[in-house]
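Asks: First the structure, which I've put down as structure tokens, then a few questions once you've had a look.
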Amino acid sequence: SGHPAQVFSDKPFDFTGAFFGAGWDDAEGETLILKAWRGDQPAYEDQLVLSANGQVYFAADYRRITRLEIRTKHYWQAAIDDFAYRTGQ
């Protein structure tokens with residue numbers, strides 16, 4: 001669903017990017033919201049317009065975060081592919 005999903009770790013990680021798209025034709029133009037934290041401190045926030053006609057690559061380059069939240073503005077389903085991250089830095 002478009003309800004918030006989270007990735008988190010006690011050890012910092014880098015979110016380098018992923019492909020995102022809308023899950024349904026009716027969701028064309030939906031807004032994806034990405035938020036990241038370092039501990040309790042907000043570190044990054046971005047929005048991306050989604051398309052049901054194809055995925056868009058978002059080059060995040062979020063460094064040394066401990067939590068990443070992904071959701072859509074109106075709770076439409078989003079597709080995520082090739083989610084890339086780095087650990088151990």
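Ordered as shown in the structure tokens, chains take letters A, B, and onward, while each chain numbers its residues from 1 and ligands are numbered from 1 in the order shown.
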Give me, as a PDB file with N, CA, C and O atoms, in the first residue's frame, all polymer residues having an atom no more than 10 Å from Trp37 (chain A), counting only C-alpha atoms and skipping those fewer than 5 positions away in the same chain.
Replies:
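File out_5.pdb, as written:
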```pdb
ATOM      1  N   PHE A   8      15.249   0.520   8.664  1.00  0.00           N
ATOM      2  CA  PHE A   8      16.015   1.144   9.736  1.00  0.00           C
ATOM      3  C   PHE A   8      17.099   0.194  10.233  1.00  0.00           C
ATOM      4  O   PHE A   8      17.027  -1.018  10.037  1.00  0.00           O
ATOM      5  N   PRO A  12      24.549   3.142  10.916  1.00  0.00           N
ATOM      6  CA  PRO A  12      24.248   3.986   9.755  1.00  0.00           C
ATOM      7  C   PRO A  12      24.469   3.261   8.432  1.00  0.00           C
ATOM      8  O   PRO A  12      25.341   2.397   8.312  1.00  0.00           O
ATOM      9  N   PRO A  42      16.065  14.716  11.719  1.00  0.00           N
ATOM     10  CA  PRO A  42      15.769  14.643  10.281  1.00  0.00           C
ATOM     11  C   PRO A  42      17.028  14.969   9.471  1.00  0.00           C
ATOM     12  O   PRO A  42      17.782  15.876   9.828  1.00  0.00           O
ATOM     13  N   ALA A  43      17.263  14.200   8.413  1.00  0.00           N
ATOM     14  CA  ALA A  43      18.457  14.401   7.593  1.00  0.00           C
ATOM     15  C   ALA A  43      18.121  14.729   6.138  1.00  0.00           C
ATOM     16  O   ALA A  43      18.796  15.551   5.517  1.00  0.00           O
ATOM     17  N   TYR A  44      17.095  14.094   5.577  1.00  0.00           N
ATOM     18  CA  TYR A  44      16.733  14.299   4.170  1.00  0.00           C
ATOM     19  C   TYR A  44      15.223  14.210   4.020  1.00  0.00           C
ATOM     20  O   TYR A  44      14.558  13.470   4.745  1.00  0.00           O
ATOM     21  N   GLU A  45      14.697  14.941   3.043  1.00  0.00           N
ATOM     22  CA  GLU A  45      13.295  14.803   2.647  1.00  0.00           C
ATOM     23  C   GLU A  45      13.173  15.195   1.187  1.00  0.00           C
ATOM     24  O   GLU A  45      13.654  16.249   0.778  1.00  0.00           O
ATOM     25  N   TYR A  62      21.584   9.492   0.038  1.00  0.00           N
ATOM     26  CA  TYR A  62      21.383   9.788   1.454  1.00  0.00           C
ATOM     27  C   TYR A  62      22.492   9.070   2.220  1.00  0.00           C
ATOM     28  O   TYR A  62      22.565   7.847   2.200  1.00  0.00           O
ATOM     29  N   ARG A  63      23.311   9.824   2.924  1.00  0.00           N
ATOM     30  CA  ARG A  63      24.479   9.232   3.583  1.00  0.00           C
ATOM     31  C   ARG A  63      24.318   9.151   5.100  1.00  0.00           C
ATOM     32  O   ARG A  63      23.803  10.069   5.725  1.00  0.00           O
ATOM     33  N   ARG A  64      24.776   8.018   5.640  1.00  0.00           N
ATOM     34  CA  ARG A  64      24.853   7.762   7.079  1.00  0.00           C
ATOM     35  C   ARG A  64      23.516   7.990   7.801  1.00  0.00           C
ATOM     36  O   ARG A  64      23.450   8.649   8.822  1.00  0.00           O
ATOM     37  N   ILE A  65      22.452   7.423   7.228  1.00  0.00           N
ATOM     38  CA  ILE A  65      21.138   7.518   7.860  1.00  0.00           C
ATOM     39  C   ILE A  65      20.897   6.263   8.689  1.00  0.00           C
ATOM     40  O   ILE A  65      21.556   5.238   8.505  1.00  0.00           O
ATOM     41  N   THR A  66      19.937   6.353   9.607  1.00  0.00           N
ATOM     42  CA  THR A  66      19.571   5.188  10.410  1.00  0.00           C
ATOM     43  C   THR A  66      18.119   4.760  10.181  1.00  0.00           C
ATOM     44  O   THR A  66      17.725   3.682  10.599  1.00  0.00           O
ATOM     45  N   ARG A  67      17.345   5.629   9.511  1.00  0.00           N
ATOM     46  CA  ARG A  67      15.949   5.275   9.209  1.00  0.00           C
ATOM     47  C   ARG A  67      15.524   5.961   7.925  1.00  0.00           C
ATOM     48  O   ARG A  67      15.838   7.134   7.693  1.00  0.00           O
ATOM     49  N   LEU A  68      14.796   5.229   7.087  1.00  0.00           N
ATOM     50  CA  LEU A  68      14.244   5.754   5.850  1.00  0.00           C
ATOM     51  C   LEU A  68      12.766   5.416   5.807  1.00  0.00           C
ATOM     52  O   LEU A  68      12.380   4.254   5.998  1.00  0.00           O
ATOM     53  N   GLU A  69      11.924   6.428   5.600  1.00  0.00           N
ATOM     54  CA  GLU A  69      10.486   6.221   5.460  1.00  0.00           C
ATOM     55  C   GLU A  69      10.099   6.528   4.022  1.00  0.00           C
ATOM     56  O   GLU A  69      10.511   7.547   3.463  1.00  0.00           O
TER      57      GLU A  69
END
```
Asks: Based on the backbone DSSP call, show me all residues of region 15-81 of chain A assigned strand (DSSP E), as a ChimeraX atom specification.
Replies: /A:15-22,31-38,41-49,56-58,62-72,78-81
Asks: Taking 3 positions as the minimum chain separation for residues in the same chain, which residues sit within 9 Å of Gly17 (chain A) when counting only C-alpha atoms? Answer as a PyMOL selection string.
Replies: chain A and resi 57-62+82-85
Asks: Nearest residue to Gly39 (chain A) out of A:His3, A:Val56, A:Asp26, A:Phe13, using only C-alpha atoms?
Replies: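 Distance minimum relative to Gly39 (chain A) lands on A:Phe13.
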Asks: With a distance cut-off of 9 Å and only C-alpha atoms, select the neighbouring residues of Leu50 (chain A), excluding the residue or stretch itself and same-chain residues fewer than 4 positions from it, and output the selection as a list in words.
Replies: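 The neighbour list is Phe20, Gly21, Ala22, Ala27, Glu28, Gly29, Glu30, Thr31, Leu32, Gly54, Gln55, Val56 and Ala78 of chain A.
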Asks: Which residue is closest to Lys73 (chain A)? Choose from A:Thr87, A:Val7, A:Gly2, A:Phe15 and count only C-alpha atoms.
Replies: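 Among the listed residues, the smallest separation from Lys73 (chain A) belongs to A:Gly2.
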Asks: Quick one: pull the distance between CA of Asp25 (chain A) and CA of Trp76 (chain A), Å, one decimal.
Replies: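 Here the two named atoms are 10.3 Å from each other.
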Asks: By how many Å are CA of Gly88 (chain A) and CA of Asp46 (chain A) apart?
Replies: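 Rounded to one decimal, the two atoms are 24.5 Å apart.
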Asks: Given the choices A:Trp24, A:Asp40, A:Gln47, A:Lys11, which gets closest to Arg71 (chain A) if the distance is worked out from only C-alpha atoms?
Replies: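 Counting only C-alpha atoms, the residue closest to Arg71 (chain A) is A:Gln47.
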Asks: Point out the residue among A:Ala18, A:Ala79, A:Ala5, A:Leu34 with the least atom-to-atom distance to Ser51 (chain A), counting only C-alpha atoms.
Replies: A:Ala79
